[in-house]
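Novice: Can you keep this structure in mind? I'll have questions shortly.
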Amino acid sequence: MRMRSLISPIVALLALVGIAHAQPAPISITPDLIAAAKKEGRVAWYTSVDVKVAEQLAKAFETKYPGIKVQVERSGAERIFQRIGQEYSSRIYTVDVVDSSDAAHFVYYKREDMLQPVVPEDVAKHFAPAYKDPDGMHAAWRINLSVIAYNTQQVKPEDAPKSFADLLDPKWSGKIVKAHPSYSGTILTSTFQISRDLGWQYFEKLAQQRIMQVQSAVDPPNKVAAGERAVMADGNEYNAALLRSQKAPIEIVYPAEGAPLVIGPAGVMKRAPNQNAAKLFYTWLFTVEGQQMLLDVALLRSAHPGVKEPPGRKPLSEIKVMKDDAAEVDKQAEEIKARYTRLFKT
Amino acid sequence: MTHLELRGLTKRYDGVAVVDGIDLSVPRGNLVCLLGPSGCGKTTTLRLVAGFVAPNGGEVRVNGQALSSDGYATPPEQRRMSMIFQSYALWPHMTVAANVAYGLTLRGMPKIEAGRRVAEMLGAVKLGAFADRYPGELSGGQQQRAALARALIVEPEILLLDEPLSNLDAALREEMRFEIRRLHDAYRYTTVYVTHDQAEAMTTADLIVVMNQGRIEQAGSAEEVYNRPRSAFVAAFLGGANILSGRAVDAARLDIGPAVLRCAEPSFVPGGEASLSIRYHEVRVHAEGGASDNRLPARVIRQTFLGSLRDLALELADGTMIRASAPPDLVMPPDARVWVDLPSERCRPLPS
Amino acid sequence: MTAETLATGVGQRARHRFGSADPSLLVLAATSILLVLLIGLPVGWLAYYALTDRAGAATFGNFITLATDPAFTEPLATTLILCVSVAVAAATVASPIAWLIARTDLPARRTIRALMTASFVTPPFLGAIAWEILAAPNSGILNQLWRGLTSSPDPLLDIYSLPGLIFVIACYTTPYVFVLVANALDRIPADLEDAAGILGASRWRTTITVTIPLVVPAILAGALIAFLQAMTLFGSPAILALPAGFHTVTTKIYSFFHFPPKPQLAAAAALPLLVITIMLLVAQARVLGRRGYTVIGGKSGDPRRLALGRFRTPALILVLCVLSLPLMLPYAALLKASVSSFPGAPFTAEHLTWRHINFVFVEFSQTKKAFWNTLVLAVGTATLGTMLALVISYLTARRAVPGSRFLEFLATAPVAIPGIVLGVGLFLAYTRPPLALYGTLWILLLAFLTIELPVAFQQLRSSFHAVHPELEEASRILGAGRLKTLARITAPLLKSGVVAAWCFIFIGVVRELSAAIMLFTANTKVLSVVIYDLNESGDLGAIAVLGTVMLLITFAVVGFANWISGVGSGVRLRGG
């Protein structure tokens, strides 16, 4: 008994330390942080979000915190990943804050000890556990879906594909555009989820449809809106929605099998050259203001319960989505790319 | 006083000697002419002296100091020489004055002083009015003068000229020969002059060096090499000469086949193979014969009227060809039978 | 004179002992060593990687892997088809135009020459993007017009195809052949043609039997350059081949760098390209070496111009049609795209927008930096590269150091190495001490220097033949060393060649994508990479704006360079 009474406070203490280690104290935007960030004056943000969205977010941040310049480095998620690897292997540390449409990248970054724990107040308070790393290394900055879409001038709504299976109909041969998992994290994730849920036979058949192959998940909505192809087999929901809001002839279809769910985490690099600006920018990205901008400007989706859905949009809760599994994508990434390349010859 | 000295100077390309053991001393202030046909090695010798080429053997010495030796050459820019090129090598992007001033600028001469000297030098070569012209705007002779001015103004240790007149027409060439000699007499730089034109050599040179196949055939004054050629090559190359070969009967007589010729100067080794030379203009041609020394029958093969003389090609009884320069009024139809006179005092034995 | 000229020619090969009293020789030797390092380091690392496995053990496994994998052999076969087609197409189109310009009384010859040069300035990747706007099978402007006119459901053109790619690459390699052939035609002395004329040949017959055969070497050389360009280009295939569903060797090599990177395979994949290039260069030397007509020279005089008569106007129209393919149509497309809400939008007021222009100049944070980096690199590379090429062409033309043939080979070698492979080599070479240059502009400078050196070197070396060695010797005997002579006599005499080399490098750097894409970092982005990134996400409007501005700047700089070089030279070059 005595032993037990002795041990329990130690266990409790250890447990406390353990929790404290796992969940670092949430940080909020304090005048001290702002001042320290202003001293650094800049923050380098490597992102795979649409370049116009990224630039608008940067502008908003710069307006709010004058004197801190956001350097936007936008490229496809896989290329950003490759770039950071290339830079870090040469001991070039320019990146402060990174996000990716491929959650598997954060599995890798975390494993390689490239991140530092930063938990913005909003994440700690409002984000569901599924949308944040238990060790505080990253959190779901944006949520995106890979969807089907069609050109409304070329396809009547009743003829439009309703599911992935519909895309295999010979009538779509030569009329489909799709992005590439070697370039786009969104597509890598969606390729994984589809192959898991529908099997590789789906892609084997899709490869027979004379598809037009583009690189980024941003591009298929552009190609559909421009009328270059009638249908997209995958691509960003938000780009399609943005184009639709600009009156482009494009309509989104949430596939019956479920839309691949693409969680886009963000994190702060351990070797960030601008530590304070990085934390400030990162924390701001997760505030209601920052998250609301994702919805308002980009028509992306957010894990923050405090944001207001844009009017007339189908909320996430009403859409059938596929299950996210970043750890498995991390394991299979190479295999998926190789297999895809063999099938689609690109 | 020897100024420039070549000692056993040799240059081989791919094992073939282009310059083959040249020995030569040039006294200070002399103008030496390297004379010879194309490919005799005279230009290579000049380039060895200039330092553009390093020798495979031997030395180039100036004032007793070796500037080139086996495999080594002090670069040309450190030799304090200057050179006039066959193409003149005037820089087309500079005016005449700038061309001439170039060497002075390199020597760090102040602008004003250099300008004065350039004006002076251009005056000396009669180009004063052309200072601001570009080379492309000058005639050939004027370009030649500009090249001379550019070379002379730096007061070179040694002046080198590489076939400087070969691009000029005949009349201008003759004028420039005298001009070069005049300027040499005025400045008295030690000069090496390369040419294949004997008239140029004779007009300009203090010392003529006849070269053949990379070697010196003979060196001497114009009179020496002309009047006493030491080889058939020299005799033939300078002024043109008939070379007649045969067996020496005695010290003064040579049996050439159709006749036995007598030389005024007995120097043959009796019984040995030997030859003699006689210049074209020293051969007399007569319509009728008469037995006398060194007079033999011949047949006219070809005759050419050249204004001041008539060039005849004649065939001796055994088929030997002889050329003669006859007075222009002597008309000899082809195939005519004639007599040729080879005066014994003009028949010069050649060293064997 | 032959034997003696030969002897003096050989005389320039004379070896100098190092350590002699000539300081210029030290600088020249240092340049040679620099060149050896510049080329040798990246190539050496490539060779090392090609012959080792991931653990660093020696192996031929990389080559075996590639040779047995259809995912590599198919792109290789595609690349060969592409290169041959481009070479044939470029030569077939450029040669007659060159002849029309140089040898006939075609109207507006000067303008057409200038326009040809303009198409040379256009980066091939920009051309490819412009042709996407024009000839994408469904949204392409030309195809929309076609459908409107014929109500045919099928597109007229499909740019996303191998023929489409061949077409676009040929569009931008044609100027190389054109320039070479036109210059060769300019240089054919009239007396060679007169000689045929005096023998009773008609003008046409003379053209066919004398003029054309004399420029065959130039046509071959041009076709070779077109071939090599097609083989090493990255941007155009990356933009057009991927949507069409095939790879070329360069895009395949790039894909070896997808995570996890396989630099060993990328290095090994470069080998077939190198082998092909060397075989072609050797073949060219054989063909040209046998006939001694590199000496198109002698007395030039005005070239004979053939009167086209009633074919004059049709010929002009034909030439303008050809020129519209690399120039008028793409530029019109870019201009339209830069102010249209989307590229294929009808050209009406409601679709006119400032959005793209505003985005590029106001919102897009990379514009300024990319322009600045590109300009700094282009000017820096052009200046350094011209100096380097000048010294190297001096060394080789005058055989000033031992082993100058080897230097010649080195300075030409980068032609054979695709930019993307060279980028890999440079990355491998300059990411470790003592030369950890990755992340700086220096590594891009080195890359561009290496890539552009052959063009500048060839340009200057051919100019050197026009400068009589005696002009340099005259300077040296008066007391100027080799370097001073090079600076004060040779360089000014080569001025047009020097300016041309500078412009070639400048344009080349602005156009360069393939090495840059391997070597850029956030702070060292250049325009071509920014445009490539924008294309990846389909932002054609922004690309159109950036591309147009980029071209205007290129034209301005090239025009300025030519103007500067023309200023104050009242020199009438008539040759000594």
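Residue numbers start at 1 in each chain; chains themselves are named A, B, ... in the order of the structure tokens; ligands are numbered from 1 in the order shown.
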Quick one: residues within 9 Å of Thr186 of chain A, only C-alpha atoms, excluding same-chain residues fewer than 5 positions away - as an MDAnalysis selection string?

Specialist: chainID A and resid 77 100:103 144:146 181 191 216:217 235:236 260:264

Novice: Could those selected residues go to a file with N, CA, C and O atoms, as a compact mmCIF listing (two decimals), in the first residue's frame?

Specialist:
# COMPACT_ATOMS: atom_id res chain seq x y z
N ALA A 77 2.65 19.70 -54.75
CA ALA A 77 3.07 19.20 -53.45
C ALA A 77 4.26 18.25 -53.56
O ALA A 77 5.19 18.31 -52.76
N SER A 100 1.14 20.81 -47.33
CA SER A 100 1.14 19.88 -48.44
C SER A 100 -0.26 19.32 -48.61
O SER A 100 -1.00 19.16 -47.65
N SER A 101 -0.59 19.02 -49.87
CA SER A 101 -1.85 18.35 -50.11
C SER A 101 -1.67 16.84 -49.94
O SER A 101 -2.62 16.09 -50.07
N ASP A 102 -0.45 16.44 -49.66
CA ASP A 102 -0.17 15.03 -49.44
C ASP A 102 0.22 14.86 -47.97
O ASP A 102 1.35 15.16 -47.57
N ALA A 103 -0.74 14.39 -47.16
CA ALA A 103 -0.51 14.28 -45.72
C ALA A 103 0.66 13.36 -45.42
O ALA A 103 1.30 13.47 -44.38
N ASN A 144 -9.60 19.25 -48.54
CA ASN A 144 -9.93 19.33 -49.95
C ASN A 144 -10.50 17.99 -50.36
O ASN A 144 -10.28 16.97 -49.71
N LEU A 145 -11.26 18.02 -51.45
CA LEU A 145 -11.75 16.78 -52.01
C LEU A 145 -11.27 16.69 -53.45
O LEU A 145 -11.14 17.70 -54.13
N SER A 146 -10.99 15.47 -53.85
CA SER A 146 -10.77 15.26 -55.28
C SER A 146 -12.11 14.82 -55.84
O SER A 146 -12.74 13.91 -55.29
N PRO A 181 -0.21 11.53 -60.07
CA PRO A 181 0.21 11.34 -58.68
C PRO A 181 1.69 11.62 -58.44
O PRO A 181 2.09 11.78 -57.28
N THR A 191 -5.38 8.68 -55.52
CA THR A 191 -5.06 7.42 -56.19
C THR A 191 -4.96 6.30 -55.17
O THR A 191 -5.45 5.18 -55.40
N SER A 216 -0.68 18.98 -62.23
CA SER A 216 -1.22 19.42 -60.95
C SER A 216 -2.72 19.15 -60.85
O SER A 216 -3.44 19.17 -61.85
N ALA A 217 -3.19 18.94 -59.63
CA ALA A 217 -4.62 18.77 -59.39
C ALA A 217 -5.38 20.06 -59.64
O ALA A 217 -6.61 20.08 -59.71
N GLY A 235 -9.17 15.91 -59.49
CA GLY A 235 -8.79 17.32 -59.49
C GLY A 235 -9.39 17.99 -58.28
O GLY A 235 -10.23 17.40 -57.57
N ASN A 236 -8.95 19.22 -58.01
CA ASN A 236 -9.37 19.91 -56.80
C ASN A 236 -10.83 20.36 -56.87
O ASN A 236 -11.24 21.02 -57.82
N PRO A 260 -12.47 11.12 -52.71
CA PRO A 260 -11.23 11.01 -51.93
C PRO A 260 -11.05 12.27 -51.05
O PRO A 260 -11.20 13.39 -51.53
N LEU A 261 -10.78 12.00 -49.80
CA LEU A 261 -10.63 13.10 -48.82
C LEU A 261 -9.16 13.43 -48.70
O LEU A 261 -8.35 12.55 -48.39
N VAL A 262 -8.84 14.67 -48.97
CA VAL A 262 -7.43 15.06 -48.97
C VAL A 262 -7.21 16.09 -47.88
O VAL A 262 -7.63 17.24 -47.99
N ILE A 263 -6.59 15.62 -46.81
CA ILE A 263 -6.29 16.52 -45.70
C ILE A 263 -4.94 17.16 -45.96
O ILE A 263 -3.95 16.47 -46.19
N GLY A 264 -4.93 18.46 -45.96
CA GLY A 264 -3.68 19.17 -46.23
C GLY A 264 -3.10 19.75 -44.96
O GLY A 264 -3.51 20.82 -44.52

Novice: Would you kindly return, as a ChimeraX atom specification, each protein, DNA or RNA residue with an atom no farther than 8 Å from any atom of segment 58-72 of chain B, considering only C-alpha atoms and excluding same-chain residues fewer than 2 positions away?

Specialist: /B:2-10,21,48-49,51,54-56,74,79 /C:15-17,20

Novice: Keeping only N, CA and C atoms, write the selected residues to a file as a short mmCIF file (atom, residue, chain, number, x, y, z; two decimals), in the first residue's frame.

Specialist:
data_model
loop_
_atom_site.label_atom_id
_atom_site.label_comp_id
_atom_site.auth_asym_id
_atom_site.auth_seq_id
_atom_site.Cartn_x
_atom_site.Cartn_y
_atom_site.Cartn_z
N THR B 2 79.11 42.48 -83.63
CA THR B 2 77.95 41.65 -83.90
C THR B 2 76.79 42.06 -83.01
N HIS B 3 75.65 42.29 -83.62
CA HIS B 3 74.47 42.70 -82.88
C HIS B 3 73.52 41.51 -82.73
N LEU B 4 73.18 40.94 -83.88
CA LEU B 4 72.28 39.78 -83.90
C LEU B 4 73.08 38.57 -84.35
N GLU B 5 72.93 37.49 -83.62
CA GLU B 5 73.69 36.30 -83.99
C GLU B 5 72.79 35.06 -83.93
N LEU B 6 72.84 34.29 -85.00
CA LEU B 6 72.14 33.00 -85.02
C LEU B 6 73.20 31.92 -84.97
N ARG B 7 73.01 30.98 -84.04
CA ARG B 7 74.01 29.91 -83.91
C ARG B 7 73.35 28.55 -84.06
N GLY B 8 73.64 27.91 -85.15
CA GLY B 8 73.13 26.55 -85.38
C GLY B 8 71.61 26.46 -85.25
N LEU B 9 70.95 27.55 -85.64
CA LEU B 9 69.50 27.64 -85.42
C LEU B 9 68.77 26.58 -86.23
N THR B 10 67.93 25.81 -85.55
CA THR B 10 67.25 24.69 -86.20
C THR B 10 65.79 24.67 -85.79
N GLY B 21 70.16 24.45 -89.03
CA GLY B 21 71.51 24.80 -88.58
C GLY B 21 72.04 26.08 -89.18
N LEU B 48 61.64 32.89 -85.99
CA LEU B 48 62.49 32.43 -84.88
C LEU B 48 63.17 33.63 -84.23
N VAL B 49 63.63 34.55 -85.08
CA VAL B 49 64.28 35.75 -84.54
C VAL B 49 63.28 36.57 -83.74
N GLY B 51 60.70 35.51 -82.21
CA GLY B 51 60.25 34.83 -80.99
C GLY B 51 58.84 34.28 -81.11
N ALA B 54 59.67 28.85 -81.21
CA ALA B 54 60.84 28.46 -80.43
C ALA B 54 61.64 27.42 -81.23
N PRO B 55 62.96 27.53 -81.24
CA PRO B 55 63.77 26.60 -82.04
C PRO B 55 63.85 25.22 -81.40
N ASN B 56 64.20 24.22 -82.22
CA ASN B 56 64.47 22.89 -81.67
C ASN B 56 65.95 22.75 -81.33
N THR B 74 62.03 33.63 -75.51
CA THR B 74 61.50 34.83 -74.84
C THR B 74 60.36 35.35 -75.71
N ARG B 79 61.10 41.44 -76.65
CA ARG B 79 62.36 41.45 -77.40
C ARG B 79 62.74 42.84 -77.90
N ARG C 15 55.50 24.72 -78.82
CA ARG C 15 55.26 24.59 -77.39
C ARG C 15 56.14 25.56 -76.64
N HIS C 16 55.53 26.12 -75.64
CA HIS C 16 56.31 26.99 -74.78
C HIS C 16 56.49 26.28 -73.47
N ARG C 17 57.62 26.47 -72.91
CA ARG C 17 57.80 25.92 -71.57
C ARG C 17 57.05 26.77 -70.59
N SER C 20 58.05 30.22 -68.24
CA SER C 20 58.83 31.18 -68.98
C SER C 20 58.38 32.56 -68.55
#

Novice: Counting only C-alpha atoms, which residues of chain C come no farther than 6 Å from chain A, as a list in words?

Specialist: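 So the contacting residues turn out to be Asn138, Ser139, Leu242, Pro243, Gly245, Phe246, His247, Phe259, Thr431, Glu536, Ser537 and Gly538 of chain C.
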
Novice: Write out as a PyMOL selection string the set of residues from segment 83-320 of chain B that DSSP, computed on the backbone, places in strand (DSSP E or B).

Specialist: chain B and resi 83-84+158-162+190-195+207-212+215-220+241-250+253-255+260-262+273-279+284-286+295-305+310-316

Novice: Take the residues just selected and output them with C-alpha atoms as a short mmCIF file (atom, residue, chain, number, x, y, z; two decimals), in the first residue's frame.

Specialist:
data_model
loop_
_atom_site.label_atom_id
_atom_site.label_comp_id
_atom_site.auth_asym_id
_atom_site.auth_seq_id
_atom_site.Cartn_x
_atom_site.Cartn_y
_atom_site.Cartn_z
CA MET B 83 58.22 43.84 -87.55
CA ILE B 84 56.57 44.64 -90.84
CA ILE B 158 66.01 45.02 -84.40
CA LEU B 159 63.63 45.62 -87.28
CA LEU B 160 62.16 42.64 -89.09
CA LEU B 161 60.51 42.77 -92.49
CA ASP B 162 58.62 39.83 -93.93
CA THR B 190 69.78 46.50 -87.42
CA THR B 191 67.36 44.99 -89.90
CA VAL B 192 66.48 41.53 -91.15
CA TYR B 193 64.60 41.59 -94.41
CA VAL B 194 63.00 38.54 -95.94
CA THR B 195 62.27 38.46 -99.67
CA LEU B 207 74.47 41.66 -96.67
CA ILE B 208 72.56 39.16 -98.78
CA VAL B 209 71.98 35.70 -97.36
CA VAL B 210 70.81 33.25 -99.98
CA MET B 211 68.86 30.41 -98.43
CA ASN B 212 67.79 27.07 -99.83
CA ARG B 215 70.36 26.21 -95.12
CA ILE B 216 72.45 29.21 -96.05
CA GLU B 217 73.85 28.74 -99.56
CA GLN B 218 75.96 31.86 -99.56
CA ALA B 219 76.23 35.13 -97.67
CA GLY B 220 77.94 38.23 -98.92
CA ALA B 241 72.55 31.52 -115.16
CA ASN B 242 73.26 28.55 -117.38
CA ILE B 243 74.86 25.74 -115.45
CA LEU B 244 77.01 23.46 -117.64
CA SER B 245 78.40 20.24 -116.21
CA GLY B 246 80.99 17.78 -117.39
CA ARG B 247 84.44 16.35 -116.70
CA ALA B 248 87.46 18.54 -116.06
CA VAL B 249 90.16 18.01 -118.70
CA ASP B 250 92.58 20.09 -116.66
CA ARG B 253 89.04 23.27 -119.12
CA LEU B 254 85.73 21.46 -118.81
CA ASP B 255 84.46 18.86 -121.28
CA VAL B 260 85.43 21.67 -124.24
CA LEU B 261 85.05 25.03 -122.49
CA ARG B 262 87.89 27.10 -121.17
CA GLU B 273 83.12 15.97 -112.29
CA ALA B 274 82.60 19.72 -112.30
CA SER B 275 80.36 22.50 -113.50
CA LEU B 276 80.50 26.13 -114.42
CA SER B 277 77.99 28.93 -114.66
CA ILE B 278 77.52 31.66 -117.20
CA ARG B 279 74.77 34.27 -117.01
CA ARG B 284 76.87 35.99 -127.20
CA VAL B 285 74.92 34.79 -130.19
CA HIS B 286 76.25 35.07 -133.74
CA ARG B 295 82.25 28.96 -129.58
CA LEU B 296 79.76 26.23 -130.42
CA PRO B 297 76.87 25.64 -132.81
CA ALA B 298 73.31 25.75 -131.59
CA ARG B 299 69.75 25.79 -132.82
CA VAL B 300 67.14 28.36 -131.88
CA ILE B 301 64.19 26.71 -130.14
CA ARG B 302 62.22 29.76 -129.04
CA GLN B 303 62.71 33.47 -129.03
CA THR B 304 60.85 36.11 -127.06
CA PHE B 305 61.00 39.87 -127.54
CA ARG B 310 65.55 39.30 -126.67
CA ASP B 311 65.33 36.10 -124.68
CA LEU B 312 66.56 33.07 -126.62
CA ALA B 313 66.30 29.39 -125.84
CA LEU B 314 69.02 27.46 -127.66
CA GLU B 315 69.82 23.81 -128.04
CA LEU B 316 73.39 22.51 -128.29
#

Novice: Give me, as a list in words, all polymer residues having an atom no more than 10 Å from Gln291 of chain A, counting only C-alpha atoms and skipping those fewer than 6 positions away in the same chain.

Specialist: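 Selected residues are Leu57, Trp141, Arg142, Trp284, Leu285, Val297, Leu300, Arg301, Ser302, Ala303, His304, Pro305, Gly306, Val307 and Lys308 of chain A.
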
Novice: Can you pull out the residues contacting Ala114 of chain B? Cut-off 8 Å, using only C-alpha atoms, and skip same-chain residues under 3 positions away; I want them as a PyMOL selection string.

Specialist: chain B and resi 101+104-105+109-111+117-118

Novice: Store the residues picked out above in a file with N, CA, C and O atoms, as a compact mmCIF listing (two decimals), in the first residue's frame.

Specialist:
# COMPACT_ATOMS: atom_id res chain seq x y z
N ALA B 101 50.82 55.08 -83.05
CA ALA B 101 51.05 55.44 -81.64
C ALA B 101 51.04 54.22 -80.72
O ALA B 101 51.52 54.29 -79.59
N LEU B 104 54.10 53.19 -78.79
CA LEU B 104 54.52 54.22 -77.83
C LEU B 104 53.63 54.16 -76.59
O LEU B 104 54.11 54.28 -75.46
N THR B 105 52.32 53.99 -76.80
CA THR B 105 51.39 53.90 -75.66
C THR B 105 51.78 52.73 -74.77
O THR B 105 51.76 52.83 -73.55
N MET B 109 54.42 56.11 -72.94
CA MET B 109 54.81 57.49 -73.26
C MET B 109 53.62 58.42 -73.08
O MET B 109 52.51 58.10 -73.46
N PRO B 110 53.82 59.59 -72.49
CA PRO B 110 52.72 60.54 -72.31
C PRO B 110 52.09 60.90 -73.66
O PRO B 110 52.78 60.92 -74.68
N LYS B 111 50.78 61.17 -73.61
CA LYS B 111 50.01 61.39 -74.82
C LYS B 111 50.58 62.48 -75.73
O LYS B 111 50.67 62.31 -76.93
N ARG B 117 55.61 62.74 -81.58
CA ARG B 117 56.47 61.78 -82.26
C ARG B 117 55.75 61.13 -83.44
O ARG B 117 56.36 60.88 -84.49
N VAL B 118 54.45 60.85 -83.25
CA VAL B 118 53.68 60.24 -84.33
C VAL B 118 53.63 61.19 -85.53
O VAL B 118 53.87 60.79 -86.67

Novice: Do a neighbour search on Val268 of chain A at 10 Å with only C-alpha atoms, toss out local chain neighbours closer than 4 positions, and write the hits as an MDAnalysis selection string.

Specialist: chainID A and resid 45 95:99 114:119 137:138 272 275 278:279 281:283
